[in-house]
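Q: What follows is final.txt, made up of compact mmCIF, N, CA and C atoms and all ligand atoms:
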# COMPACT_ATOMS: atom_id res chain seq x y z
N MET A 1 36.16 99.08 8.63
CA MET A 1 37.58 99.24 8.99
C MET A 1 37.70 99.90 10.35
N THR A 2 38.56 99.33 11.23
CA THR A 2 38.81 99.98 12.53
C THR A 2 40.05 100.85 12.41
N ASN A 3 40.03 101.96 13.07
CA ASN A 3 41.18 102.86 13.06
C ASN A 3 42.16 102.42 14.16
N ARG A 4 43.40 102.07 13.80
CA ARG A 4 44.40 101.55 14.75
C ARG A 4 44.71 102.55 15.86
N HIS A 5 44.64 103.83 15.55
CA HIS A 5 44.97 104.85 16.57
C HIS A 5 43.90 104.96 17.63
N LEU A 6 42.69 104.66 17.24
CA LEU A 6 41.61 104.71 18.22
C LEU A 6 41.49 103.40 18.97
N ASN A 7 42.17 102.38 18.50
CA ASN A 7 42.06 101.06 19.11
C ASN A 7 43.46 100.52 19.41
N PRO A 8 44.10 100.98 20.54
CA PRO A 8 45.49 100.64 20.83
C PRO A 8 45.71 99.19 21.26
N LEU A 9 44.64 98.49 21.64
CA LEU A 9 44.81 97.10 22.06
C LEU A 9 45.26 96.23 20.89
N PRO A 10 46.19 95.29 21.14
CA PRO A 10 46.59 94.38 20.05
C PRO A 10 45.42 93.53 19.61
N GLN A 11 45.47 93.10 18.39
CA GLN A 11 44.41 92.24 17.90
C GLN A 11 44.92 90.80 17.97
N PRO A 12 44.57 90.10 19.06
CA PRO A 12 45.17 88.80 19.33
C PRO A 12 45.04 87.79 18.20
N GLU A 13 43.89 87.72 17.58
CA GLU A 13 43.70 86.68 16.57
C GLU A 13 44.63 86.84 15.38
N GLY A 14 44.70 88.07 14.83
CA GLY A 14 45.55 88.33 13.68
C GLY A 14 47.00 88.07 14.02
N GLU A 15 47.41 88.44 15.23
CA GLU A 15 48.80 88.27 15.64
C GLU A 15 49.17 86.78 15.74
N GLU A 16 48.26 85.99 16.32
CA GLU A 16 48.50 84.54 16.43
C GLU A 16 48.66 83.90 15.05
N ASP A 17 47.80 84.33 14.13
CA ASP A 17 47.89 83.79 12.76
C ASP A 17 49.24 84.12 12.15
N ALA A 18 49.70 85.36 12.34
CA ALA A 18 50.97 85.78 11.76
C ALA A 18 52.11 84.97 12.35
N LYS A 19 52.07 84.75 13.67
CA LYS A 19 53.13 83.97 14.32
C LYS A 19 53.15 82.55 13.80
N ARG A 20 51.96 81.99 13.63
CA ARG A 20 51.87 80.61 13.13
C ARG A 20 52.45 80.52 11.73
N LEU A 21 52.15 81.53 10.94
CA LEU A 21 52.65 81.56 9.56
C LEU A 21 54.18 81.60 9.55
N VAL A 22 54.77 82.43 10.44
CA VAL A 22 56.24 82.53 10.52
C VAL A 22 56.84 81.18 10.92
N ARG A 23 56.18 80.52 11.89
CA ARG A 23 56.69 79.21 12.34
C ARG A 23 56.66 78.20 11.20
N VAL A 24 55.56 78.19 10.46
CA VAL A 24 55.44 77.24 9.35
C VAL A 24 56.49 77.55 8.28
N ALA A 25 56.67 78.83 7.98
CA ALA A 25 57.64 79.22 6.96
C ALA A 25 59.05 78.81 7.38
N ARG A 26 59.34 78.99 8.67
CA ARG A 26 60.68 78.63 9.17
C ARG A 26 60.90 77.12 9.07
N LEU A 27 59.86 76.36 9.36
CA LEU A 27 59.96 74.90 9.29
C LEU A 27 60.20 74.45 7.85
N VAL A 28 59.43 75.04 6.93
CA VAL A 28 59.58 74.67 5.52
C VAL A 28 60.99 74.99 5.04
N LEU A 29 61.50 76.15 5.43
CA LEU A 29 62.84 76.56 5.01
C LEU A 29 63.89 75.59 5.56
N THR A 30 63.76 75.24 6.84
CA THR A 30 64.73 74.31 7.46
C THR A 30 64.72 72.97 6.74
N LEU A 31 63.52 72.44 6.50
CA LEU A 31 63.42 71.14 5.84
C LEU A 31 64.02 71.17 4.45
N SER A 32 63.78 72.27 3.71
CA SER A 32 64.32 72.29 2.35
C SER A 32 65.84 72.45 2.37
N LEU A 33 66.38 73.17 3.36
CA LEU A 33 67.84 73.28 3.45
C LEU A 33 68.45 71.92 3.76
N ILE A 34 67.79 71.15 4.61
CA ILE A 34 68.31 69.81 4.94
C ILE A 34 68.33 68.93 3.69
N SER A 35 67.25 68.95 2.91
CA SER A 35 67.24 68.07 1.74
C SER A 35 68.22 68.55 0.67
N ILE A 36 68.41 69.87 0.54
CA ILE A 36 69.39 70.38 -0.43
C ILE A 36 70.79 69.93 -0.03
N SER A 37 71.13 70.03 1.27
CA SER A 37 72.48 69.68 1.68
C SER A 37 72.74 68.19 1.48
N GLN A 38 71.70 67.38 1.64
CA GLN A 38 71.90 65.95 1.39
C GLN A 38 72.15 65.68 -0.08
N PHE A 39 71.49 66.44 -0.92
CA PHE A 39 71.67 66.27 -2.36
C PHE A 39 73.09 66.65 -2.77
N ILE A 40 73.59 67.77 -2.22
CA ILE A 40 74.92 68.25 -2.57
C ILE A 40 76.01 67.26 -2.15
N SER A 41 75.83 66.63 -0.99
CA SER A 41 76.89 65.77 -0.47
C SER A 41 76.82 64.37 -1.06
N CYS A 42 76.29 64.24 -2.26
CA CYS A 42 76.15 62.94 -2.91
C CYS A 42 77.47 62.19 -3.02
N GLU A 43 78.58 62.90 -3.27
CA GLU A 43 79.86 62.23 -3.39
C GLU A 43 80.39 61.76 -2.04
N ALA A 44 79.91 62.41 -0.97
CA ALA A 44 80.37 62.00 0.35
C ALA A 44 79.62 60.75 0.80
N THR A 45 78.40 60.59 0.29
CA THR A 45 77.65 59.41 0.66
C THR A 45 77.98 58.28 -0.31
N ASN A 46 77.37 57.13 -0.07
CA ASN A 46 77.80 55.99 -0.85
C ASN A 46 77.01 55.82 -2.14
N TYR A 47 77.43 56.50 -3.16
CA TYR A 47 76.76 56.42 -4.45
C TYR A 47 77.59 55.55 -5.39
N VAL A 48 76.94 54.55 -5.98
CA VAL A 48 77.62 53.64 -6.91
C VAL A 48 76.96 53.81 -8.26
N PRO A 49 77.47 54.73 -9.08
CA PRO A 49 76.75 55.10 -10.31
C PRO A 49 76.59 53.93 -11.27
N PRO A 50 75.45 53.89 -11.97
CA PRO A 50 75.26 52.85 -12.97
C PRO A 50 76.22 53.05 -14.14
N VAL A 51 76.49 51.97 -14.85
CA VAL A 51 77.43 52.01 -15.97
C VAL A 51 76.81 52.77 -17.14
N THR A 52 77.59 53.64 -17.75
CA THR A 52 77.12 54.38 -18.92
C THR A 52 78.06 54.12 -20.10
N ALA A 53 77.58 54.42 -21.30
CA ALA A 53 78.42 54.27 -22.50
C ALA A 53 79.63 55.19 -22.40
N GLN A 54 79.42 56.36 -21.78
CA GLN A 54 80.50 57.32 -21.60
C GLN A 54 81.63 56.71 -20.76
N MET A 55 81.26 55.94 -19.74
CA MET A 55 82.27 55.27 -18.90
C MET A 55 83.06 54.27 -19.71
N ALA A 56 82.35 53.48 -20.51
CA ALA A 56 83.02 52.46 -21.32
C ALA A 56 83.98 53.14 -22.30
N ALA A 57 83.53 54.25 -22.90
CA ALA A 57 84.37 54.96 -23.85
C ALA A 57 85.60 55.52 -23.16
N ALA A 58 85.41 56.11 -21.98
CA ALA A 58 86.52 56.73 -21.26
C ALA A 58 87.57 55.70 -20.88
N SER A 59 87.13 54.50 -20.49
CA SER A 59 88.13 53.55 -20.03
C SER A 59 88.68 52.68 -21.15
N SER A 60 87.93 52.53 -22.26
CA SER A 60 88.45 51.67 -23.33
C SER A 60 89.59 52.36 -24.08
N ARG A 61 89.75 53.66 -23.85
CA ARG A 61 90.89 54.35 -24.46
C ARG A 61 92.20 53.76 -23.96
N ARG A 62 92.21 53.42 -22.68
CA ARG A 62 93.46 52.89 -22.10
C ARG A 62 93.44 51.38 -21.90
N HIS A 63 92.25 50.83 -21.63
CA HIS A 63 92.20 49.39 -21.38
C HIS A 63 91.18 48.77 -22.32
N ASP A 64 91.25 47.45 -22.40
CA ASP A 64 90.32 46.75 -23.26
C ASP A 64 89.07 46.37 -22.46
N VAL A 65 88.15 47.33 -22.27
CA VAL A 65 86.94 47.03 -21.51
C VAL A 65 85.71 47.38 -22.32
N ASP A 66 84.60 46.71 -22.00
CA ASP A 66 83.34 47.04 -22.65
C ASP A 66 82.23 47.18 -21.62
N LEU A 67 81.06 47.58 -22.11
CA LEU A 67 79.91 47.79 -21.23
C LEU A 67 79.59 46.57 -20.37
N ALA A 68 79.62 45.38 -21.00
CA ALA A 68 79.25 44.16 -20.28
C ALA A 68 80.19 43.91 -19.11
N GLN A 69 81.47 44.13 -19.34
CA GLN A 69 82.44 43.91 -18.27
C GLN A 69 82.24 44.91 -17.14
N LEU A 70 81.99 46.17 -17.51
CA LEU A 70 81.78 47.19 -16.48
C LEU A 70 80.52 46.88 -15.66
N ARG A 71 79.46 46.40 -16.35
CA ARG A 71 78.23 46.06 -15.63
C ARG A 71 78.47 44.90 -14.67
N GLN A 72 79.24 43.91 -15.14
CA GLN A 72 79.56 42.78 -14.28
C GLN A 72 80.37 43.27 -13.06
N GLY A 73 81.31 44.17 -13.33
CA GLY A 73 82.14 44.70 -12.24
C GLY A 73 81.31 45.43 -11.20
N ARG A 74 80.33 46.22 -11.66
CA ARG A 74 79.48 46.95 -10.72
C ARG A 74 78.64 45.98 -9.88
N THR A 75 78.07 44.98 -10.56
CA THR A 75 77.24 43.99 -9.86
C THR A 75 78.06 43.26 -8.80
N LEU A 76 79.26 42.81 -9.18
CA LEU A 76 80.11 42.11 -8.22
C LEU A 76 80.47 43.04 -7.06
N PHE A 77 80.81 44.27 -7.38
CA PHE A 77 81.19 45.23 -6.34
C PHE A 77 80.06 45.40 -5.32
N VAL A 78 78.84 45.70 -5.79
CA VAL A 78 77.76 45.98 -4.84
C VAL A 78 77.30 44.73 -4.08
N HIS A 79 77.51 43.54 -4.67
CA HIS A 79 77.04 42.33 -3.99
C HIS A 79 78.11 41.70 -3.11
N ARG A 80 79.35 41.70 -3.57
CA ARG A 80 80.38 40.93 -2.87
C ARG A 80 81.22 41.77 -1.92
N CYS A 81 81.32 43.04 -2.18
CA CYS A 81 82.19 43.86 -1.33
C CYS A 81 81.43 44.40 -0.13
N ILE A 82 80.24 43.91 0.08
CA ILE A 82 79.41 44.36 1.20
C ILE A 82 79.16 43.21 2.17
N GLU A 83 79.80 42.06 1.90
CA GLU A 83 79.55 40.88 2.74
C GLU A 83 80.14 41.01 4.13
N CYS A 84 81.29 41.68 4.25
CA CYS A 84 81.97 41.75 5.55
C CYS A 84 81.95 43.14 6.16
N HIS A 85 81.81 44.17 5.35
CA HIS A 85 81.80 45.54 5.85
C HIS A 85 80.83 46.34 4.99
N THR A 86 80.62 47.60 5.36
CA THR A 86 79.76 48.44 4.52
C THR A 86 80.46 48.63 3.18
N LEU A 87 79.70 48.95 2.16
CA LEU A 87 80.27 49.12 0.83
C LEU A 87 81.26 50.29 0.86
N PRO A 88 82.51 50.05 0.44
CA PRO A 88 83.49 51.15 0.49
C PRO A 88 83.06 52.31 -0.42
N VAL A 89 83.35 53.53 0.01
CA VAL A 89 82.99 54.72 -0.77
C VAL A 89 83.99 54.89 -1.92
N LEU A 90 83.46 54.97 -3.14
CA LEU A 90 84.33 55.02 -4.32
C LEU A 90 85.28 56.21 -4.33
N TRP A 91 84.86 57.31 -3.70
CA TRP A 91 85.66 58.53 -3.76
C TRP A 91 86.71 58.62 -2.65
N ARG A 92 86.74 57.59 -1.80
CA ARG A 92 87.63 57.67 -0.65
C ARG A 92 89.07 57.34 -1.00
N TYR A 93 89.28 56.54 -2.05
CA TYR A 93 90.65 56.11 -2.38
C TYR A 93 91.00 56.55 -3.79
N THR A 94 92.30 56.66 -4.04
CA THR A 94 92.75 57.03 -5.39
C THR A 94 92.62 55.80 -6.30
N PRO A 95 92.58 56.03 -7.62
CA PRO A 95 92.51 54.90 -8.54
C PRO A 95 93.65 53.90 -8.31
N LYS A 96 94.84 54.40 -8.04
CA LYS A 96 95.98 53.50 -7.80
C LYS A 96 95.73 52.64 -6.54
N ASP A 97 95.25 53.28 -5.48
CA ASP A 97 94.95 52.54 -4.25
C ASP A 97 93.89 51.47 -4.50
N TRP A 98 92.90 51.83 -5.33
CA TRP A 98 91.81 50.88 -5.59
C TRP A 98 92.30 49.58 -6.19
N THR A 99 93.26 49.69 -7.14
CA THR A 99 93.79 48.48 -7.76
C THR A 99 94.38 47.57 -6.70
N GLU A 100 95.16 48.15 -5.80
CA GLU A 100 95.77 47.35 -4.72
C GLU A 100 94.71 46.81 -3.76
N ILE A 101 93.73 47.65 -3.42
CA ILE A 101 92.70 47.21 -2.48
C ILE A 101 91.92 46.02 -3.05
N VAL A 102 91.47 46.15 -4.31
CA VAL A 102 90.68 45.06 -4.88
C VAL A 102 91.54 43.81 -5.04
N ASN A 103 92.81 43.99 -5.41
CA ASN A 103 93.71 42.83 -5.46
C ASN A 103 93.76 42.11 -4.12
N SER A 104 93.90 42.89 -3.05
CA SER A 104 94.05 42.24 -1.75
C SER A 104 92.72 41.70 -1.21
N MET A 105 91.60 42.28 -1.64
CA MET A 105 90.29 41.83 -1.16
C MET A 105 89.72 40.69 -2.00
N SER A 106 90.30 40.48 -3.19
CA SER A 106 89.66 39.55 -4.13
C SER A 106 89.62 38.12 -3.60
N HIS A 107 90.63 37.71 -2.84
CA HIS A 107 90.55 36.34 -2.33
C HIS A 107 89.51 36.25 -1.22
N ARG A 108 89.36 37.33 -0.44
CA ARG A 108 88.32 37.34 0.60
C ARG A 108 86.94 37.25 -0.03
N ALA A 109 86.76 37.95 -1.16
CA ALA A 109 85.46 37.96 -1.83
C ALA A 109 85.34 36.79 -2.81
N SER A 110 86.32 35.89 -2.81
CA SER A 110 86.40 34.75 -3.74
C SER A 110 86.15 35.15 -5.19
N LEU A 111 86.84 36.17 -5.63
CA LEU A 111 86.69 36.61 -7.02
C LEU A 111 87.69 35.88 -7.89
N LYS A 112 87.22 35.41 -9.05
CA LYS A 112 88.14 34.85 -10.05
C LYS A 112 88.90 36.00 -10.68
N THR A 113 89.99 35.68 -11.38
CA THR A 113 90.82 36.74 -11.96
C THR A 113 90.01 37.69 -12.85
N ALA A 114 89.16 37.12 -13.71
CA ALA A 114 88.37 37.96 -14.62
C ALA A 114 87.38 38.83 -13.84
N GLU A 115 86.85 38.27 -12.74
CA GLU A 115 85.90 39.02 -11.92
C GLU A 115 86.61 40.17 -11.20
N ARG A 116 87.79 39.88 -10.70
CA ARG A 116 88.58 40.92 -10.04
C ARG A 116 88.86 42.06 -11.04
N ASP A 117 89.27 41.67 -12.25
CA ASP A 117 89.57 42.69 -13.27
C ASP A 117 88.33 43.52 -13.60
N ALA A 118 87.14 42.89 -13.60
CA ALA A 118 85.91 43.62 -13.91
C ALA A 118 85.61 44.65 -12.81
N VAL A 119 85.81 44.25 -11.55
CA VAL A 119 85.56 45.18 -10.44
C VAL A 119 86.52 46.37 -10.54
N ILE A 120 87.79 46.08 -10.80
CA ILE A 120 88.77 47.17 -10.93
C ILE A 120 88.40 48.07 -12.11
N ALA A 121 88.01 47.45 -13.24
CA ALA A 121 87.66 48.23 -14.43
C ALA A 121 86.48 49.16 -14.13
N TYR A 122 85.47 48.63 -13.40
CA TYR A 122 84.31 49.46 -13.07
C TYR A 122 84.73 50.66 -12.22
N ILE A 123 85.50 50.40 -11.16
CA ILE A 123 85.89 51.50 -10.26
C ILE A 123 86.72 52.54 -11.01
N LEU A 124 87.67 52.08 -11.83
CA LEU A 124 88.50 53.02 -12.58
C LEU A 124 87.67 53.81 -13.60
N ALA A 125 86.64 53.15 -14.17
CA ALA A 125 85.79 53.84 -15.14
C ALA A 125 84.97 54.95 -14.46
N VAL A 126 84.48 54.66 -13.25
CA VAL A 126 83.74 55.69 -12.51
C VAL A 126 84.67 56.87 -12.23
N ARG A 127 85.86 56.57 -11.79
CA ARG A 127 86.80 57.63 -11.44
C ARG A 127 87.26 58.40 -12.68
N ALA A 128 87.33 57.72 -13.83
CA ALA A 128 87.77 58.40 -15.06
C ALA A 128 86.72 59.35 -15.59
N THR A 129 85.44 59.14 -15.22
CA THR A 129 84.38 59.99 -15.77
C THR A 129 83.84 60.96 -14.73
N GLU A 130 84.46 61.01 -13.53
CA GLU A 130 83.93 61.92 -12.53
C GLU A 130 84.18 63.37 -12.95
N ARG A 131 83.24 64.22 -12.54
CA ARG A 131 83.33 65.61 -12.93
C ARG A 131 84.36 66.35 -12.08
C1 LIG A 201 85.44 37.99 3.63
C2 LIG A 201 85.27 39.34 4.09
C3 LIG A 201 85.56 40.50 3.14
C4 LIG A 201 85.10 40.66 1.86
C5 LIG A 201 84.20 39.75 1.04
C6 LIG A 201 85.61 41.94 1.41
N1 LIG A 201 86.35 42.55 2.40
FE1 LIG A 201 87.18 44.38 2.37
N2 LIG A 201 87.83 44.17 4.26
C7 LIG A 201 87.66 43.02 5.04
C8 LIG A 201 88.31 43.22 6.31
C9 LIG A 201 88.35 42.21 7.45
C10 LIG A 201 88.87 44.52 6.29
C11 LIG A 201 89.65 45.27 7.38
C12 LIG A 201 91.03 44.69 7.59
C13 LIG A 201 91.96 44.87 6.44
O1 LIG A 201 92.09 45.98 5.89
O2 LIG A 201 92.57 43.87 6.06
C14 LIG A 201 88.55 45.07 4.99
C15 LIG A 201 88.90 46.34 4.59
C16 LIG A 201 88.57 46.90 3.37
C17 LIG A 201 88.88 48.25 2.97
C18 LIG A 201 89.57 49.31 3.83
C19 LIG A 201 91.04 49.18 3.55
C20 LIG A 201 91.84 50.29 4.18
O3 LIG A 201 93.07 50.28 3.99
O4 LIG A 201 91.25 51.19 4.80
C21 LIG A 201 88.42 48.41 1.71
C22 LIG A 201 88.50 49.67 0.85
C23 LIG A 201 87.85 47.16 1.30
N3 LIG A 201 87.93 46.28 2.34
C24 LIG A 201 87.33 46.93 0.04
C25 LIG A 201 86.75 45.72 -0.33
C26 LIG A 201 86.31 45.44 -1.67
C27 LIG A 201 86.42 46.40 -2.86
C28 LIG A 201 85.77 44.18 -1.65
C29 LIG A 201 85.17 43.46 -2.82
C30 LIG A 201 86.06 43.12 -3.91
C31 LIG A 201 85.89 43.69 -0.29
N4 LIG A 201 86.51 44.63 0.46
C32 LIG A 201 85.42 42.46 0.13
C33 LIG A 201 86.96 41.89 4.68
C34 LIG A 201 86.34 41.67 3.47
Show the structure stored in the file as structure tokens.
Ligand code: HEC

A:
Amino acid sequence: MTNRHLNPLPQPEGEEDAKRLVRVARLVLTLSLISISQFISCEATNYVPPVTAQMAAASSRRHDVDLAQLRQGRTLFVHRCIECHTLPVLWRYTPKDWTEIVNSMSHRASLKTAERDAVIAYILAVRATER
């Protein structure tokens, strides 16, 4: 063991190691903060949740919908509503606005009446089960 009081010169090697460790720790912290913030902003990004039984239950209380119709609506939404623009964010519009939007977009997306209703049912089901 060296006595620090008798040896006032800095110990370069140990100091460099400590600095490197701080840099690595800072990098790890920054990267984890970035990934956490991306996880939190899930509703701000374009998430199109898969159909669940809970969704079907929530929406069948008011409308006559089932799992198959909701699944069809989701499939149509992700495939057909992305042909001309990016997929619209589900949380950007109110449920009432969505009904009007899909009505007005359905001829552009060449949706049949039943297909249009499935897309609307899916969007309303997602909104009815959001936390
Ligand atoms: C053939 C092309 C085409 C298809 C397919 C299409 N859209 Fe659009 N959409 C447009 C155009 C063009 C606009 C911008 C002009 C406008 O609002 O009329 C638009 C705008 C929108 C907007 C923004 C409206 C606003 O007021 O900000 C939404 C939301 C939207 N579309 C949803 C959908 C949905 C849902 C579908 C699927 C059912 C769909 N679109 C399919 C062409 C399309």

Q: Ranking A:Arg20, A:Arg71, A:Arg127, A:His107 by minimum distance to Thr94 in chain A and counting all atoms listed in the file, which one comes first?

A: A:Arg127

Q: So the first atom is atom C of Asn103 in chain A and the second is atom N of Ser59 in chain A; what is the distance between them in Å, to one decimal place?

A: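 Rounded to one decimal, the two atoms are 21.6 Å apart.
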
Q: Just want the residues within 8 Å of ligand LIG 201 (chain A), written as a compact mmCIF listing (two decimals) with N, CA and C atoms, keeping the file's coordinate frame, counting all atoms listed in the file.

A:
# COMPACT_ATOMS: atom_id res chain seq x y z
N LEU A 76 79.26 42.81 -9.18
CA LEU A 76 80.11 42.11 -8.22
C LEU A 76 80.47 43.04 -7.06
N PHE A 77 80.81 44.27 -7.38
CA PHE A 77 81.19 45.23 -6.34
C PHE A 77 80.06 45.40 -5.32
N VAL A 78 78.84 45.70 -5.79
CA VAL A 78 77.76 45.98 -4.84
C VAL A 78 77.30 44.73 -4.08
N HIS A 79 77.51 43.54 -4.67
CA HIS A 79 77.04 42.33 -3.99
C HIS A 79 78.11 41.70 -3.11
N ARG A 80 79.35 41.70 -3.57
CA ARG A 80 80.38 40.93 -2.87
C ARG A 80 81.22 41.77 -1.92
N CYS A 81 81.32 43.04 -2.18
CA CYS A 81 82.19 43.86 -1.33
C CYS A 81 81.43 44.40 -0.13
N ILE A 82 80.24 43.91 0.08
CA ILE A 82 79.41 44.36 1.20
C ILE A 82 79.16 43.21 2.17
N GLU A 83 79.80 42.06 1.90
CA GLU A 83 79.55 40.88 2.74
C GLU A 83 80.14 41.01 4.13
N CYS A 84 81.29 41.68 4.25
CA CYS A 84 81.97 41.75 5.55
C CYS A 84 81.95 43.14 6.16
N HIS A 85 81.81 44.17 5.35
CA HIS A 85 81.80 45.54 5.85
C HIS A 85 80.83 46.34 4.99
N THR A 86 80.62 47.60 5.36
CA THR A 86 79.76 48.44 4.52
C THR A 86 80.46 48.63 3.18
N LEU A 87 79.70 48.95 2.16
CA LEU A 87 80.27 49.12 0.83
C LEU A 87 81.26 50.29 0.86
N PRO A 88 82.51 50.05 0.44
CA PRO A 88 83.49 51.15 0.49
C PRO A 88 83.06 52.31 -0.42
N VAL A 89 83.35 53.53 0.01
CA VAL A 89 82.99 54.72 -0.77
C VAL A 89 83.99 54.89 -1.92
N ARG A 92 86.74 57.59 -1.80
CA ARG A 92 87.63 57.67 -0.65
C ARG A 92 89.07 57.34 -1.00
N TYR A 93 89.28 56.54 -2.05
CA TYR A 93 90.65 56.11 -2.38
C TYR A 93 91.00 56.55 -3.79
N ASP A 97 95.25 53.28 -5.48
CA ASP A 97 94.95 52.54 -4.25
C ASP A 97 93.89 51.47 -4.50
N TRP A 98 92.90 51.83 -5.33
CA TRP A 98 91.81 50.88 -5.59
C TRP A 98 92.30 49.58 -6.19
N ILE A 101 93.73 47.65 -3.42
CA ILE A 101 92.70 47.21 -2.48
C ILE A 101 91.92 46.02 -3.05
N VAL A 102 91.47 46.15 -4.31
CA VAL A 102 90.68 45.06 -4.88
C VAL A 102 91.54 43.81 -5.04
N ASN A 103 92.81 43.99 -5.41
CA ASN A 103 93.71 42.83 -5.46
C ASN A 103 93.76 42.11 -4.12
N SER A 104 93.90 42.89 -3.05
CA SER A 104 94.05 42.24 -1.75
C SER A 104 92.72 41.70 -1.21
N MET A 105 91.60 42.28 -1.64
CA MET A 105 90.29 41.83 -1.16
C MET A 105 89.72 40.69 -2.00
N SER A 106 90.30 40.48 -3.19
CA SER A 106 89.66 39.55 -4.13
C SER A 106 89.62 38.12 -3.60
N HIS A 107 90.63 37.71 -2.84
CA HIS A 107 90.55 36.34 -2.33
C HIS A 107 89.51 36.25 -1.22
N ARG A 108 89.36 37.33 -0.44
CA ARG A 108 88.32 37.34 0.60
C ARG A 108 86.94 37.25 -0.03
N ALA A 109 86.76 37.95 -1.16
CA ALA A 109 85.46 37.96 -1.83
C ALA A 109 85.34 36.79 -2.81
N SER A 110 86.32 35.89 -2.81
CA SER A 110 86.40 34.75 -3.74
C SER A 110 86.15 35.15 -5.19
N LEU A 111 86.84 36.17 -5.63
CA LEU A 111 86.69 36.61 -7.02
C LEU A 111 87.69 35.88 -7.89
N GLU A 115 86.85 38.27 -12.74
CA GLU A 115 85.90 39.02 -11.92
C GLU A 115 86.61 40.17 -11.20
N ARG A 116 87.79 39.88 -10.70
CA ARG A 116 88.58 40.92 -10.04
C ARG A 116 88.86 42.06 -11.04
N VAL A 119 85.81 44.25 -11.55
CA VAL A 119 85.56 45.18 -10.44
C VAL A 119 86.52 46.37 -10.54
N ILE A 120 87.79 46.08 -10.80
CA ILE A 120 88.77 47.17 -10.93
C ILE A 120 88.40 48.07 -12.11

Q: What does the distance from atom N of Tyr122 in chain A to CA of Asn46 in chain A come to in Å, to one decimal?

A: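 Going from atom N of Tyr122 in chain A over to CA of Asn46 in chain A covers 16.4 Å.
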
Q: State, in Å with one decimal place, the distance from atom C of Lys96 in chain A to atom C of Ala125 in chain A.

A: 13.6 Å

Q: From the list A:Ala18, A:Ala121, A:Leu31, A:Val126, which residue is nearest Met55 in chain A when using only C-alpha atoms?

A: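 Between A:Ala18, A:Ala121, A:Leu31, A:Val126, the residue approaching Met55 in chain A most closely is A:Val126.
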
Q: With DSSP run on the backbone, what are the helix (DSSP H, G or I) residues within range 9-123 of chain A? I'd like them as a PyMOL selection string.

A: chain A and resi 12-43+53-60+67-80+95-105+113-123

Q: Counting all atoms listed in the file, which residue out of A:Val28, A:Leu124, A:Val22, A:Ala118 sits closest to Arg74 in chain A?

A: A:Ala118

Q: Here is a test: counting only C-alpha atoms, which residue of A:Leu70, A:Leu27, A:Leu90, A:Ala57 is nearest to Asp117 in chain A?

A: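 Looking only at the distances to Asp117 in chain A, the closest residue turns out to be A:Leu70.
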